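As structure tokens, the structure follows; a few thoughts come after it.
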Amino acid sequence: GFGFGFGFGFGFGFGFGFGIGLGLRLWLRLGLGPGLAMSKFGRRGRVPEGFEVIEPTLDALENEIRERVNESHDGYRKNEGLWPVHQINWQRTRYVYDMYYKYGRISREVYDYCVRNRIIDGALAAKWKKPGYERLCSTYVINTRNYKFATVSICRVPKYKLPPGTTVEDVTVGCRGCSSGKGGYKNIFGNKYGQYLADIQVARELKLEKQLEEDDDDAALPPGMAGPPPPDDDDGSDDDVGPAPLPPGAIPKASGQAPPADDDSDGDEAAKKRAAVWASDEQEVERLKDVLVQAEYAEEGGEEEGDAEAGGDNRRETNAALQALKRSGAGAFEAKAGAGGGPSAAKRQRR
């Protein structure tokens, strides 16, 4: 009886403790413990501080790639259905890479967390640090095992080495040209997945900060002095020149408050937030680029393209100069040897 009671108590206690420990481990693993961010990335471990800066954009990209994979691919070519997978993978990796290396908006811990949990492509980001690979679209296109005769993709050929008017497009990735050189594309895919989301996000933040500073400056002025002066009336009348009343449901420009949303628009709210991650058109991209230039941020790819272009021109000029020097040196040497002057000619004759 004593042995049976001891064995039963020991087994029950061990099982109870093991169950509590396993449950607590799963509780922390699923991101439900204290100090963990309540997000879909919490299941991958403890989310570092500062991850909330890039989390909305990563969520939008993950939802976008899920929709593009699940949509119908009727009418597409065999490999064209996988283009969004490669392109969004590039854009997501580029976004986190620029937010750390270019703008410093996230910490090294957040960057390593994204690499360790495969949120971004660590191998692709590592290639961007090497000269000539600053705009590489995918590690697939530089793997010689994927192409005939141990070559690489056509998108890796610099544009200045191609015949004028040549348009290339990689079959697997859909890249139009990702080499560093003269005349390279800023948007290597030619669609919204080729946009630099870090540039867009930082430019919008700077634009908003500037607008808030202007509003604070207007608020600090004495009453009646804020804003531009009212326009003068040509007829000299004393009528009120204030703004006209807005129609029902219109959005006031000053407050920026939207009218109450209808029940039908609730389902499109997530789609609108996801669409706000990208720039609407090329005009907005240029406007945001001007904001970055005014804030003394170097344009991504601009310096690299300029350096590569200057480097290519310098290399061509240097090679031409060396060839001319060799030709001129050879002619002078032959003339000197034919004249029979100098010890070099005598040594040459003895040899």
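Residues are named by chain letter and number: chains run A, B, ... in the order of the structure tokens, numbers start at 1 in each chain, and ligands are numbered from 1 in the order shown.
Using only C-alpha atoms, the protein and nucleic acid residues lying no more than 12 Å from A:Tyr111, apart from those fewer than 6 places from it along its own chain, are A:Val47, A:Pro48, A:Glu49, A:Gly50, A:Phe51, A:Val53, A:Ile54, A:Thr93, A:Arg94, A:Tyr95, A:Val96, A:Tyr97, A:Asp98, A:Met99, A:Tyr100, A:Tyr101, A:Gly104, A:Arg105, A:Asn117, A:Arg118, A:Ile119, A:Ile120, A:Asp121, A:Gly122, A:Ala125.
The spacing separating atom CA of A:Arg77 from atom CA of A:Ala150 amounts to 24.8 Å.
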Any idea what's packed within 9 Å of A:Arg204, counting only C-alpha atoms, ignoring anything in its chain fewer than 5 positions away? Could you give it as a count of residues only? 4
If you measure from atom CA of A:Ala275 to atom CA of A:Ala60, what distance in Å do you get, rounded to one decimal?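 Taking atom CA of A:Ala275 and atom CA of A:Ala60, their separation equals 8.2 Å.
Minimum atom-to-atom distance to A:Arg68, evaluated using only C-alpha atoms, belongs to A:Pro84 out of A:Pro56, A:Pro84, A:Glu286, A:Arg156.
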Using atom CA of A:Thr172 and atom CA of A:Ser280 as the two end points, give the distance in Å to one decimal.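 Taking atom CA of A:Thr172 and atom CA of A:Ser280, their separation equals 26.3 Å.
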